[in-house]
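Data block for my_file.pdb (PDB, C-alpha atoms):
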ATOM      1  CA  MET A   1      -3.189  -8.732 -25.914
ATOM      2  CA  SER A   2      -4.326 -12.273 -26.696
ATOM      3  CA  ALA A   3      -1.553 -14.873 -26.448
ATOM      4  CA  ILE A   4       1.410 -13.751 -24.360
ATOM      5  CA  THR A   5       4.728 -14.227 -26.156
ATOM      6  CA  ILE A   6       8.401 -13.523 -25.590
ATOM      7  CA  ASP A   7       7.919 -10.303 -27.573
ATOM      8  CA  HIS A   8       5.559  -9.008 -24.893
ATOM      9  CA  ILE A   9       8.135  -9.823 -22.214
ATOM     10  CA  LEU A  10      10.875  -8.074 -24.190
ATOM     11  CA  GLU A  11       8.617  -5.031 -24.570
ATOM     12  CA  ALA A  12       7.946  -5.099 -20.836
ATOM     13  CA  ARG A  13      11.675  -5.165 -20.111
ATOM     14  CA  GLU A  14      12.185  -2.138 -22.326
ATOM     15  CA  ARG A  15       9.297  -0.346 -20.630
ATOM     16  CA  ILE A  16      10.282  -0.973 -17.009
ATOM     17  CA  GLY A  17      13.992  -1.727 -17.181
ATOM     18  CA  SER A  18      15.302   1.664 -16.054
ATOM     19  CA  ARG A  19      12.762   1.910 -13.229
ATOM     20  CA  ILE A  20      13.312  -1.366 -11.385
ATOM     21  CA  HIS A  21      16.299  -3.158  -9.894
ATOM     22  CA  ARG A  22      18.274  -5.696 -11.883
ATOM     23  CA  THR A  23      18.371  -8.005  -8.890
ATOM     24  CA  PRO A  24      21.460 -10.089  -8.118
ATOM     25  CA  VAL A  25      21.933 -13.823  -8.494
ATOM     26  CA  LEU A  26      23.572 -15.427  -5.456
ATOM     27  CA  THR A  27      25.242 -18.815  -5.085
ATOM     28  CA  SER A  28      26.380 -20.915  -2.130
ATOM     29  CA  GLN A  29      28.718 -23.896  -2.191
ATOM     30  CA  ARG A  30      27.117 -25.172   1.018
ATOM     31  CA  LEU A  31      23.597 -25.059  -0.410
ATOM     32  CA  ASN A  32      24.893 -26.770  -3.560
ATOM     33  CA  GLU A  33      26.350 -29.576  -1.462
ATOM     34  CA  LEU A  34      23.129 -30.012   0.487
ATOM     35  CA  SER A  35      21.004 -30.213  -2.670
ATOM     36  CA  GLY A  36      23.341 -32.104  -4.998
ATOM     37  CA  ALA A  37      22.867 -29.450  -7.684
ATOM     38  CA  SER A  38      24.387 -26.093  -8.675
ATOM     39  CA  LEU A  39      21.889 -23.476  -7.519
ATOM     40  CA  PHE A  40      21.571 -19.890  -8.741
ATOM     41  CA  PHE A  41      19.206 -17.785  -6.631
ATOM     42  CA  LYS A  42      17.506 -14.851  -8.394
ATOM     43  CA  CYS A  43      16.927 -12.472  -5.497
ATOM     44  CA  GLU A  44      13.691 -10.633  -6.156
ATOM     45  CA  ASN A  45      13.586 -10.007  -2.404
ATOM     46  CA  PHE A  46      15.869  -7.067  -3.329
ATOM     47  CA  GLN A  47      13.358  -5.714  -5.864
ATOM     48  CA  LYS A  48      11.463  -2.438  -5.545
ATOM     49  CA  THR A  49       8.714  -2.897  -2.898
ATOM     50  CA  GLY A  50      10.541  -6.057  -1.797
ATOM     51  CA  ALA A  51       9.078  -8.466  -4.351
ATOM     52  CA  PHE A  52       8.891  -9.417  -8.037
ATOM     53  CA  LYS A  53       5.363  -8.000  -8.101
ATOM     54  CA  ALA A  54       6.817  -4.560  -8.854
ATOM     55  CA  ARG A  55       7.661  -5.774 -12.355
ATOM     56  CA  GLY A  56       4.158  -6.747 -13.417
ATOM     57  CA  ALA A  57       2.438  -3.866 -11.651
ATOM     58  CA  LEU A  58       4.715  -1.269 -13.210
ATOM     59  CA  ASN A  59       4.421  -2.787 -16.684
ATOM     60  CA  ALA A  60       0.626  -2.698 -16.402
ATOM     61  CA  VAL A  61       0.526   0.887 -15.111
ATOM     62  CA  LEU A  62       2.954   2.197 -17.728
ATOM     63  CA  SER A  63       0.944   0.446 -20.459
ATOM     64  CA  LEU A  64      -2.149   2.556 -19.728
ATOM     65  CA  SER A  65      -3.184   5.389 -22.012
ATOM     66  CA  GLN A  66      -3.331   8.904 -20.624
ATOM     67  CA  ALA A  67      -7.133   8.727 -20.475
ATOM     68  CA  GLU A  68      -7.059   5.414 -18.630
ATOM     69  CA  SER A  69      -4.377   6.463 -16.194
ATOM     70  CA  ALA A  70      -6.196   9.659 -15.257
ATOM     71  CA  ARG A  71      -8.916   7.534 -13.631
ATOM     72  CA  GLY A  72      -6.409   5.528 -11.643
ATOM     73  CA  VAL A  73      -6.012   1.811 -11.070
ATOM     74  CA  ALA A  74      -7.638  -0.697  -8.763
ATOM     75  CA  THR A  75      -6.937  -4.199  -7.524
ATOM     76  CA  HIS A  76      -7.732  -6.715  -4.803
ATOM     77  CA  SER A  77      -4.795  -8.170  -2.911
ATOM     78  CA  SER A  78      -3.708  -8.871   0.629
ATOM     79  CA  GLY A  79       0.014  -8.628   0.040
ATOM     80  CA  ASN A  80       2.833  -7.848  -2.338
ATOM     81  CA  HIS A  81       0.747  -6.974  -5.414
ATOM     82  CA  ALA A  82      -1.201  -4.447  -3.360
ATOM     83  CA  ALA A  83       1.984  -2.635  -2.363
ATOM     84  CA  ALA A  84       3.484  -2.955  -5.847
ATOM     85  CA  LEU A  85       0.454  -1.429  -7.552
ATOM     86  CA  ALA A  86       0.337   1.444  -5.063
ATOM     87  CA  TRP A  87       4.046   2.083  -5.721
ATOM     88  CA  ALA A  88       3.638   1.896  -9.510
ATOM     89  CA  ALA A  89       0.644   4.231  -9.433
ATOM     90  CA  ALA A  90       2.566   6.733  -7.312
ATOM     91  CA  PHE A  91       5.420   6.570  -9.810
ATOM     92  CA  ARG A  92       3.016   7.677 -12.533
ATOM     93  CA  GLY A  93       1.184  10.093 -10.238
ATOM     94  CA  ILE A  94      -2.230   8.440 -10.393
ATOM     95  CA  PRO A  95      -4.616   7.058  -7.741
ATOM     96  CA  ALA A  96      -4.497   3.424  -6.649
ATOM     97  CA  TYR A  97      -7.539   1.831  -4.990
ATOM     98  CA  VAL A  98      -6.627  -1.394  -3.200
ATOM     99  CA  VAL A  99      -9.236  -3.774  -1.811
ATOM    100  CA  MET A 100      -7.789  -5.768   1.089
ATOM    101  CA  PRO A 101      -9.426  -8.287   3.437
ATOM    102  CA  ARG A 102     -10.031  -6.900   6.909
ATOM    103  CA  THR A 103      -7.822  -9.713   8.230
ATOM    104  CA  ALA A 104      -4.822  -8.586   6.149
ATOM    105  CA  ASN A 105      -1.545  -8.309   7.994
ATOM    106  CA  PRO A 106      -1.275  -4.748   9.390
ATOM    107  CA  PHE A 107       2.357  -4.712   8.216
ATOM    108  CA  LYS A 108       1.235  -5.241   4.615
ATOM    109  CA  ARG A 109      -1.627  -2.769   4.844
ATOM    110  CA  ALA A 110       0.790  -0.161   6.184
ATOM    111  CA  ALA A 111       3.072  -0.756   3.191
ATOM    112  CA  VAL A 112       0.202  -0.067   0.770
ATOM    113  CA  GLU A 113      -0.680   3.143   2.570
ATOM    114  CA  ARG A 114       2.966   4.199   2.736
ATOM    115  CA  TYR A 115       3.124   4.025  -1.069
ATOM    116  CA  GLY A 116      -0.027   6.146  -1.306
ATOM    117  CA  GLY A 117      -2.628   3.473  -1.983
ATOM    118  CA  LYS A 118      -6.229   4.029  -0.862
ATOM    119  CA  VAL A 119      -7.195   0.906   1.105
ATOM    120  CA  ILE A 120     -10.772  -0.412   1.043
ATOM    121  CA  LEU A 121     -11.434  -3.256   3.471
ATOM    122  CA  CYS A 122     -13.684  -6.241   2.767
ATOM    123  CA  GLU A 123     -14.552  -9.637   4.171
ATOM    124  CA  PRO A 124     -11.754 -12.236   3.893
ATOM    125  CA  THR A 125     -13.079 -14.278   0.974
ATOM    126  CA  HIS A 126     -12.149 -14.317  -2.716
ATOM    127  CA  ALA A 127     -15.756 -13.562  -3.647
ATOM    128  CA  ALA A 128     -15.876 -10.525  -1.348
ATOM    129  CA  ARG A 129     -12.585  -9.209  -2.695
ATOM    130  CA  GLU A 130     -13.703  -9.483  -6.293
ATOM    131  CA  ALA A 131     -17.136  -7.998  -5.596
ATOM    132  CA  GLU A 132     -15.688  -5.014  -3.736
ATOM    133  CA  ALA A 133     -13.138  -4.402  -6.480
ATOM    134  CA  GLU A 134     -15.951  -4.351  -9.044
ATOM    135  CA  LYS A 135     -17.734  -1.718  -6.964
ATOM    136  CA  VAL A 136     -14.598   0.394  -6.773
ATOM    137  CA  VAL A 137     -14.098   0.219 -10.546
ATOM    138  CA  ALA A 138     -17.754   1.128 -11.153
ATOM    139  CA  ARG A 139     -17.531   4.074  -8.760
ATOM    140  CA  THR A 140     -14.174   5.497  -9.847
ATOM    141  CA  GLY A 141     -13.696   4.382 -13.441
ATOM    142  CA  ALA A 142     -10.302   2.995 -12.438
ATOM    143  CA  THR A 143      -8.665   0.258 -14.509
ATOM    144  CA  LEU A 144      -8.564  -3.108 -12.750
ATOM    145  CA  ILE A 145      -5.049  -4.568 -12.591
ATOM    146  CA  HIS A 146      -5.512  -8.171 -11.509
ATOM    147  CA  PRO A 147      -2.751  -9.606  -9.289
ATOM    148  CA  PHE A 148      -1.904 -12.317 -11.833
ATOM    149  CA  ASP A 149      -4.629 -12.815 -14.461
ATOM    150  CA  ASP A 150      -3.570  -9.853 -16.595
ATOM    151  CA  PRO A 151      -1.366 -10.234 -19.700
ATOM    152  CA  ARG A 152       0.564  -7.064 -18.846
ATOM    153  CA  VAL A 153       1.293  -8.398 -15.373
ATOM    154  CA  ILE A 154       2.382 -11.808 -16.658
ATOM    155  CA  ALA A 155       4.697 -10.190 -19.220
ATOM    156  CA  GLY A 156       6.232  -7.992 -16.535
ATOM    157  CA  GLN A 157       6.880 -10.951 -14.252
ATOM    158  CA  GLY A 158       8.656 -12.750 -17.080
ATOM    159  CA  THR A 159      11.382 -10.107 -17.138
ATOM    160  CA  ALA A 160      12.929 -11.595 -13.986
ATOM    161  CA  ALA A 161      13.619 -14.822 -15.874
ATOM    162  CA  LEU A 162      15.210 -12.944 -18.774
ATOM    163  CA  GLU A 163      17.649 -11.379 -16.339
ATOM    164  CA  LEU A 164      18.348 -14.715 -14.670
ATOM    165  CA  PHE A 165      19.316 -16.349 -17.965
ATOM    166  CA  GLU A 166      21.715 -13.492 -18.711
ATOM    167  CA  GLN A 167      23.271 -13.741 -15.252
ATOM    168  CA  ALA A 168      23.573 -17.551 -15.054
ATOM    169  CA  SER A 169      24.354 -19.285 -18.314
ATOM    170  CA  GLY A 170      23.562 -22.849 -19.299
ATOM    171  CA  LEU A 171      20.748 -23.495 -16.836
ATOM    172  CA  ASP A 172      19.157 -26.934 -17.040
ATOM    173  CA  ALA A 173      16.088 -25.968 -15.000
ATOM    174  CA  VAL A 174      14.333 -23.021 -13.425
ATOM    175  CA  VAL A 175      12.151 -23.264 -10.311
ATOM    176  CA  CYS A 176       9.797 -20.706  -8.802
ATOM    177  CA  PRO A 177       6.830 -20.574  -6.400
ATOM    178  CA  VAL A 178       3.271 -20.759  -7.681
ATOM    179  CA  GLY A 179       0.142 -19.162  -6.244
ATOM    180  CA  GLY A 180      -2.023 -17.460  -8.855
ATOM    181  CA  GLY A 181       0.625 -18.337 -11.431
ATOM    182  CA  GLY A 182       1.722 -14.967 -12.831
ATOM    183  CA  LEU A 183       5.390 -15.487 -11.999
ATOM    184  CA  LEU A 184       5.405 -19.128 -13.128
ATOM    185  CA  ALA A 185       3.598 -18.366 -16.397
ATOM    186  CA  GLY A 186       5.870 -15.433 -17.244
ATOM    187  CA  THR A 187       8.944 -17.467 -16.308
ATOM    188  CA  ALA A 188       7.819 -20.389 -18.471
ATOM    189  CA  ILE A 189       7.256 -18.206 -21.541
ATOM    190  CA  ALA A 190      10.648 -16.530 -21.173
ATOM    191  CA  ALA A 191      12.469 -19.773 -20.372
ATOM    192  CA  LYS A 192      11.135 -21.756 -23.303
ATOM    193  CA  ALA A 193      11.840 -18.903 -25.723
ATOM    194  CA  VAL A 194      15.420 -18.431 -24.566
ATOM    195  CA  ARG A 195      16.281 -22.093 -23.919
ATOM    196  CA  PRO A 196      13.671 -24.520 -25.330
ATOM    197  CA  SER A 197      15.196 -27.566 -23.624
ATOM    198  CA  ILE A 198      15.039 -26.071 -20.125
ATOM    199  CA  ARG A 199      12.907 -27.725 -17.456
ATOM    200  CA  VAL A 200      10.389 -25.352 -15.846
ATOM    201  CA  LEU A 201       9.341 -26.478 -12.358
ATOM    202  CA  ALA A 202       7.475 -25.051  -9.389
ATOM    203  CA  GLY A 203       6.900 -25.416  -5.685
ATOM    204  CA  GLU A 204       3.586 -24.948  -3.884
ATOM    205  CA  PRO A 205       2.437 -25.212  -0.248
ATOM    206  CA  GLU A 206       0.627 -28.434   0.647
ATOM    207  CA  GLY A 207      -2.137 -26.432   2.296
ATOM    208  CA  ALA A 208      -2.815 -24.435  -0.883
ATOM    209  CA  ASP A 209      -2.156 -27.014  -3.578
ATOM    210  CA  ASP A 210      -4.763 -26.010  -6.155
ATOM    211  CA  ALA A 211      -2.146 -25.533  -8.891
ATOM    212  CA  SER A 212      -0.725 -29.008  -8.274
ATOM    213  CA  ARG A 213      -4.187 -30.569  -8.257
ATOM    214  CA  SER A 214      -5.187 -28.627 -11.356
ATOM    215  CA  PHE A 215      -1.966 -29.599 -13.124
ATOM    216  CA  SER A 216      -2.570 -33.286 -12.401
ATOM    217  CA  ALA A 217      -6.245 -33.139 -13.428
ATOM    218  CA  GLY A 218      -5.765 -30.950 -16.488
ATOM    219  CA  VAL A 219      -8.545 -28.608 -15.338
ATOM    220  CA  ARG A 220      -8.580 -25.822 -12.769
ATOM    221  CA  GLN A 221      -9.499 -26.915  -9.261
ATOM    222  CA  ALA A 222      -9.895 -24.755  -6.179
ATOM    223  CA  VAL A 223      -8.940 -25.405  -2.565
ATOM    224  CA  GLU A 224     -11.850 -24.338  -0.379
ATOM    225  CA  ALA A 225      -9.856 -23.085   2.600
ATOM    226  CA  PRO A 226      -6.188 -22.669   1.639
ATOM    227  CA  ALA A 227      -3.836 -22.300   4.587
ATOM    228  CA  SER A 228      -0.068 -21.938   4.810
ATOM    229  CA  ILE A 229       2.614 -19.733   6.309
ATOM    230  CA  ALA A 230       3.368 -18.912   2.653
ATOM    231  CA  ASP A 231       0.520 -16.408   2.638
ATOM    232  CA  GLY A 232       1.484 -14.967  -0.732
ATOM    233  CA  LEU A 233       0.591 -18.266  -2.422
ATOM    234  CA  LEU A 234      -2.986 -18.762  -1.253
ATOM    235  CA  ALA A 235      -4.637 -17.587  -4.485
ATOM    236  CA  THR A 236      -6.274 -19.998  -6.920
ATOM    237  CA  VAL A 237      -4.316 -20.494 -10.148
ATOM    238  CA  GLY A 238      -5.687 -18.141 -12.798
ATOM    239  CA  ARG A 239      -7.725 -18.597 -15.950
ATOM    240  CA  LEU A 240      -4.990 -16.980 -18.049
ATOM    241  CA  THR A 241      -2.025 -18.447 -16.226
ATOM    242  CA  PHE A 242      -3.196 -22.055 -15.997
ATOM    243  CA  PRO A 243      -3.142 -22.918 -19.730
ATOM    244  CA  ILE A 244       0.407 -21.558 -19.952
ATOM    245  CA  ILE A 245       1.466 -23.591 -16.929
ATOM    246  CA  LEU A 246      -0.228 -26.714 -18.260
ATOM    247  CA  GLY A 247       1.548 -26.381 -21.591
ATOM    248  CA  GLU A 248       5.034 -25.324 -20.501
ATOM    249  CA  VAL A 249       5.680 -26.571 -16.946
ATOM    250  CA  GLU A 250       7.055 -30.044 -16.266
ATOM    251  CA  ALA A 251       6.092 -30.538 -12.619
ATOM    252  CA  ILE A 252       4.723 -28.829  -9.506
ATOM    253  CA  ALA A 253       5.934 -30.227  -6.175
ATOM    254  CA  THR A 254       4.203 -29.538  -2.874
ATOM    255  CA  VAL A 255       5.948 -28.821   0.415
ATOM    256  CA  SER A 256       4.774 -28.658   4.015
ATOM    257  CA  ASP A 257       4.915 -25.592   6.230
ATOM    258  CA  GLU A 258       7.605 -27.387   8.224
ATOM    259  CA  GLU A 259       9.717 -27.734   5.068
ATOM    260  CA  ILE A 260       9.116 -24.075   4.218
ATOM    261  CA  ARG A 261      10.266 -23.001   7.687
ATOM    262  CA  ALA A 262      13.398 -25.146   7.416
ATOM    263  CA  ALA A 263      14.248 -23.803   3.946
ATOM    264  CA  MET A 264      13.665 -20.218   5.008
ATOM    265  CA  ARG A 265      15.872 -20.555   8.035
ATOM    266  CA  ARG A 266      18.633 -22.236   6.020
ATOM    267  CA  VAL A 267      18.604 -19.453   3.423
ATOM    268  CA  ILE A 268      18.755 -16.736   6.066
ATOM    269  CA  GLU A 269      21.546 -18.473   7.974
ATOM    270  CA  ILE A 270      23.700 -19.469   4.990
ATOM    271  CA  LEU A 271      22.986 -16.883   2.269
ATOM    272  CA  LYS A 272      22.475 -14.096   4.839
ATOM    273  CA  VAL A 273      19.480 -12.624   2.995
ATOM    274  CA  VAL A 274      15.929 -12.007   4.197
ATOM    275  CA  VAL A 275      13.291 -14.035   2.367
ATOM    276  CA  GLU A 276       9.593 -14.439   3.116
ATOM    277  CA  PRO A 277       7.979 -17.896   3.403
ATOM    278  CA  SER A 278       6.436 -17.749  -0.089
ATOM    279  CA  ALA A 279       9.831 -16.986  -1.614
ATOM    280  CA  VAL A 280      11.489 -20.225  -0.548
ATOM    281  CA  VAL A 281       8.795 -22.690  -1.571
ATOM    282  CA  GLY A 282      10.620 -23.546  -4.806
ATOM    283  CA  TYR A 283      13.900 -24.006  -2.968
ATOM    284  CA  ALA A 284      12.152 -26.126  -0.320
ATOM    285  CA  ALA A 285      11.019 -28.504  -3.076
ATOM    286  CA  VAL A 286      14.585 -28.734  -4.395
ATOM    287  CA  ALA A 287      16.127 -29.141  -0.933
ATOM    288  CA  GLY A 288      13.617 -31.872  -0.082
ATOM    289  CA  GLY A 289      14.487 -33.888  -3.192
ATOM    290  CA  LYS A 290      10.971 -33.549  -4.574
ATOM    291  CA  LEU A 291      12.251 -32.438  -7.979
ATOM    292  CA  ARG A 292      14.860 -34.623  -9.715
ATOM    293  CA  LEU A 293      17.731 -32.190 -10.212
ATOM    294  CA  GLU A 294      20.896 -34.003  -9.123
ATOM    295  CA  GLY A 295      23.936 -32.546 -10.892
ATOM    296  CA  ALA A 296      21.883 -29.918 -12.728
ATOM    297  CA  ARG A 297      22.399 -26.166 -12.999
ATOM    298  CA  VAL A 298      19.225 -24.761 -11.483
ATOM    299  CA  GLY A 299      17.888 -21.211 -11.347
ATOM    300  CA  ILE A 300      15.640 -20.580  -8.348
ATOM    301  CA  VAL A 301      13.543 -17.428  -8.037
ATOM    302  CA  PHE A 302      13.212 -15.944  -4.568
ATOM    303  CA  SER A 303       9.962 -14.055  -5.062
ATOM    304  CA  GLY A 304      10.144 -11.589  -2.164
ATOM    305  CA  GLY A 305      11.419 -10.594   1.239
ATOM    306  CA  ASN A 306       8.560  -8.833   2.989
ATOM    307  CA  ILE A 307       8.479 -10.164   6.535
ATOM    308  CA  ASP A 308       6.704  -8.768   9.563
ATOM    309  CA  LEU A 309       9.546  -8.911  12.068
ATOM    310  CA  ALA A 310       7.027  -8.700  14.906
ATOM    311  CA  SER A 311       6.314 -12.381  14.258
ATOM    312  CA  THR A 312       8.641 -15.356  13.848
ATOM    313  CA  PRO A 313       7.660 -17.344  10.727
ATOM    314  CA  TRP A 314       9.194 -20.588  11.994
ATOM    315  CA  ALA A 315       7.408 -20.508  15.340
ATOM    316  CA  GLY A 316       4.827 -23.176  15.974
TER
END

Please lay out the structure from this file as structure tokens.
Amino acid sequence: MSAITIDHILEARERIGSRIHRTPVLTSQRLNELSGASLFFKCENFQKTGAFKARGALNAVLSLSQAESARGVATHSSGNHAAALAWAAAFRGIPAYVVMPRTANPFKRAAVERYGGKVILCEPTHAAREAEAEKVVARTGATLIHPFDDPRVIAGQGTAALELFEQASGLDAVVCPVGGGGLLAGTAIAAKAVRPSIRVLAGEPEGADDASRSFSAGVRQAVEAPASIADGLLATVGRLTFPIILGEVEAIATVSDEEIRAAMRRVIEILKVVVEPSAVVGYAAVAGGKLRLEGARVGIVFSGGNIDLASTPWAG
């Protein structure tokens, strides 16, 4: 697959549609009043494995030939993609080798193992993760399914936006979080195909603002030591995802950890749904007035709801 188009996203929806949840879209008059816009929350926190990542992982796994699948799949991830790939591999009955940093949250590692993934630990750096994954692929012959820089993954993530547009008509804008950019890129492709005039926007943590910096500079830039309570958004924006984002996204707003905590707490208290810090980064940007959306109809993607209840994400 070279360029990723709406046709690839439509094919992905056909491939995975009966195997994932068509997640609900929730609204709240109170949250509308606080933001000055009409908000429609696409709740991927209710998705299989608790996050949108199930879409891309399953599309990638189901796209493999019989010969490829027999050797299994591999990835490097510290969070939701790791669990999603293990789940998708188990669905097809094939091995999943998941490289995780030794500092990964035990809650997230346990989720990978619960879905049947074989965890390989490495040092907590991007270079170590990639190097260990290469070793695993060389040793096992498994197919590498990158967390975001894979056309099959991007196409799968775009299916959430297709559902959103069917569930909430006449949207003026769509907002989602950005880390590596798979969700944002897939959303942008789907959005512009379905509604060319729509504004595609994103939120990103201040402590991991490589996508925002890259967007402003027009070239990919890395943050040396990204840090945020939104731990699912610490990846550097991808080589495949960045050109799509640069061409189709209007703006990327950054938010502080304090703003993320406040948005997360407000969503839990008012909408009564569990969301993880990464999931509310887009909403935090809207709630903080960092994206000009007064009076607009706005779709907001909640990317996941995987929280370790042994810790309080708004503490500190």

Exercise for review: Can you work out which one of A:Glu258, A:Thr140, A:Ala222, A:Ser212 has the shortest atom-to-atom distance to Leu246 (chain A), counting all atoms listed in the file?
Suggested key: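 Between A:Glu258, A:Thr140, A:Ala222, A:Ser212, the residue approaching Leu246 (chain A) most closely is A:Ser212.
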
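Minimum atom-to-atom distances from A:Leu171, A:Arg55, A:Val223, A:Ala37 to Ser18 (chain A) were compared using all atoms listed in the file, and the lowest value belongs to A:Arg55.
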
Review point. Can you list, as an NGL selection string, the residues that the PyMOL selection byres ((chain A and resi 6) around 12) selects here?
Key: :A and (3-5 or 7-13 or 151 or 154-159 or 161-162 or 185-195)

Evaluate the PyMOL selection byres ((chain A and resi 303) around 12) and report residues as a short mmCIF file (atom, residue, chain, number, x, y, z; two decimals) with C-alpha atoms, keeping the file's coordinate frame:
data_model
loop_
_atom_site.label_atom_id
_atom_site.label_comp_id
_atom_site.auth_asym_id
_atom_site.auth_seq_id
_atom_site.Cartn_x
_atom_site.Cartn_y
_atom_site.Cartn_z
CA THR A 23 18.37 -8.01 -8.89
CA PHE A 41 19.21 -17.78 -6.63
CA LYS A 42 17.51 -14.85 -8.39
CA CYS A 43 16.93 -12.47 -5.50
CA GLU A 44 13.69 -10.63 -6.16
CA ASN A 45 13.59 -10.01 -2.40
CA PHE A 46 15.87 -7.07 -3.33
CA GLN A 47 13.36 -5.71 -5.86
CA LYS A 48 11.46 -2.44 -5.54
CA THR A 49 8.71 -2.90 -2.90
CA GLY A 50 10.54 -6.06 -1.80
CA ALA A 51 9.08 -8.47 -4.35
CA PHE A 52 8.89 -9.42 -8.04
CA LYS A 53 5.36 -8.00 -8.10
CA ALA A 54 6.82 -4.56 -8.85
CA ARG A 55 7.66 -5.77 -12.36
CA ASN A 80 2.83 -7.85 -2.34
CA HIS A 81 0.75 -6.97 -5.41
CA GLN A 157 6.88 -10.95 -14.25
CA ALA A 160 12.93 -11.60 -13.99
CA ALA A 161 13.62 -14.82 -15.87
CA VAL A 175 12.15 -23.26 -10.31
CA CYS A 176 9.80 -20.71 -8.80
CA PRO A 177 6.83 -20.57 -6.40
CA VAL A 178 3.27 -20.76 -7.68
CA GLY A 179 0.14 -19.16 -6.24
CA GLY A 182 1.72 -14.97 -12.83
CA LEU A 183 5.39 -15.49 -12.00
CA LEU A 184 5.40 -19.13 -13.13
CA THR A 187 8.94 -17.47 -16.31
CA GLY A 203 6.90 -25.42 -5.68
CA ALA A 230 3.37 -18.91 2.65
CA GLY A 232 1.48 -14.97 -0.73
CA LEU A 233 0.59 -18.27 -2.42
CA VAL A 274 15.93 -12.01 4.20
CA VAL A 275 13.29 -14.04 2.37
CA GLU A 276 9.59 -14.44 3.12
CA PRO A 277 7.98 -17.90 3.40
CA SER A 278 6.44 -17.75 -0.09
CA ALA A 279 9.83 -16.99 -1.61
CA VAL A 280 11.49 -20.23 -0.55
CA VAL A 281 8.80 -22.69 -1.57
CA GLY A 282 10.62 -23.55 -4.81
CA TYR A 283 13.90 -24.01 -2.97
CA ILE A 300 15.64 -20.58 -8.35
CA VAL A 301 13.54 -17.43 -8.04
CA PHE A 302 13.21 -15.94 -4.57
CA GLY A 304 10.14 -11.59 -2.16
CA GLY A 305 11.42 -10.59 1.24
CA ASN A 306 8.56 -8.83 2.99
#

Practice item. Apply the PyMOL selection byres ((chain A and resi 123-136) around 9) to the displayed file and report the matching residues as a PyMOL selection string. Key: chain A and resi 74-77+97-104+120-122+137-142+144+235

So that I have them on file, write out the residues from the current selection with C-alpha atoms, as an mmCIF file, keeping the file's coordinate frame.
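Written file, selection-v6.cif:
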data_model
loop_
_atom_site.group_PDB
_atom_site.id
_atom_site.type_symbol
_atom_site.label_atom_id
_atom_site.label_comp_id
_atom_site.auth_asym_id
_atom_site.auth_seq_id
_atom_site.Cartn_x
_atom_site.Cartn_y
_atom_site.Cartn_z
ATOM 1 C CA ALA A 74 -7.638 -0.697 -8.763
ATOM 2 C CA THR A 75 -6.937 -4.199 -7.524
ATOM 3 C CA HIS A 76 -7.732 -6.715 -4.803
ATOM 4 C CA SER A 77 -4.795 -8.170 -2.911
ATOM 5 C CA TYR A 97 -7.539 1.831 -4.990
ATOM 6 C CA VAL A 98 -6.627 -1.394 -3.200
ATOM 7 C CA VAL A 99 -9.236 -3.774 -1.811
ATOM 8 C CA MET A 100 -7.789 -5.768 1.089
ATOM 9 C CA PRO A 101 -9.426 -8.287 3.437
ATOM 10 C CA ARG A 102 -10.031 -6.900 6.909
ATOM 11 C CA THR A 103 -7.822 -9.713 8.230
ATOM 12 C CA ALA A 104 -4.822 -8.586 6.149
ATOM 13 C CA ILE A 120 -10.772 -0.412 1.043
ATOM 14 C CA LEU A 121 -11.434 -3.256 3.471
ATOM 15 C CA CYS A 122 -13.684 -6.241 2.767
ATOM 16 C CA VAL A 137 -14.098 0.219 -10.546
ATOM 17 C CA ALA A 138 -17.754 1.128 -11.153
ATOM 18 C CA ARG A 139 -17.531 4.074 -8.760
ATOM 19 C CA THR A 140 -14.174 5.497 -9.847
ATOM 20 C CA GLY A 141 -13.696 4.382 -13.441
ATOM 21 C CA ALA A 142 -10.302 2.995 -12.438
ATOM 22 C CA LEU A 144 -8.564 -3.108 -12.750
ATOM 23 C CA ALA A 235 -4.637 -17.587 -4.485
#

Check your understanding: Which of these, A:Ala225, A:Leu271, A:Ala84, A:Leu240, has the shortest distance to Arg109 (chain A) once you count all atoms listed in the file?
Key ->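 Looking only at the distances to Arg109 (chain A), the closest residue turns out to be A:Ala84.
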
Practice item. State, in Å with one decimal place, the distance from CA of Leu309 (chain A) to CA of Glu206 (chain A). Key: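 Separation between CA of Leu309 (chain A) and CA of Glu206 (chain A): 24.3 Å.
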
Review point. For the atom pair CA of Leu164 (chain A) and CA of Ala111 (chain A), what is the interatomic distance in Å to one decimal place?
Key: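 Computing the Euclidean distance for CA of Leu164 (chain A) and CA of Ala111 (chain A) yields 27.3 Å.
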
Point to revise | Option closest in space to Arg92 (chain A), from A:Arg19, A:Lys290, A:His146, A:Arg297 [counting only C-alpha atoms] | key: A:Arg19

So that I can check the surroundings of region 286-288 of chain A, please list as an mmCIF file with C-alpha atoms, keeping the file's coordinate frame every protein, DNA and RNA residue that reaches within 8 Å of it, counting only C-alpha atoms and ignoring chain neighbours fewer than 5 positions away.
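Now in out22.cif:
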data_model
loop_
_atom_site.group_PDB
_atom_site.id
_atom_site.type_symbol
_atom_site.label_atom_id
_atom_site.label_comp_id
_atom_site.auth_asym_id
_atom_site.auth_seq_id
_atom_site.Cartn_x
_atom_site.Cartn_y
_atom_site.Cartn_z
ATOM 1 C CA LEU A 34 23.129 -30.012 0.487
ATOM 2 C CA SER A 35 21.004 -30.213 -2.670
ATOM 3 C CA GLU A 259 9.717 -27.734 5.068
ATOM 4 C CA ALA A 263 14.248 -23.803 3.946
ATOM 5 C CA LEU A 293 17.731 -32.190 -10.212
#

Exercise for review: Check the smallest atom-to-atom distance from each of A:Ala202, A:Phe107, A:Val153, A:Pro147 to Val61 (chain A) using only C-alpha atoms, then report the winner.
Suggested key: A:Val153

Point to revise | Distance in Å - CA of Phe215 (chain A) versus CA of Glu248 (chain A) | key: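 Atom-to-atom, CA of Phe215 (chain A) to CA of Glu248 (chain A), that is 11.0 Å.
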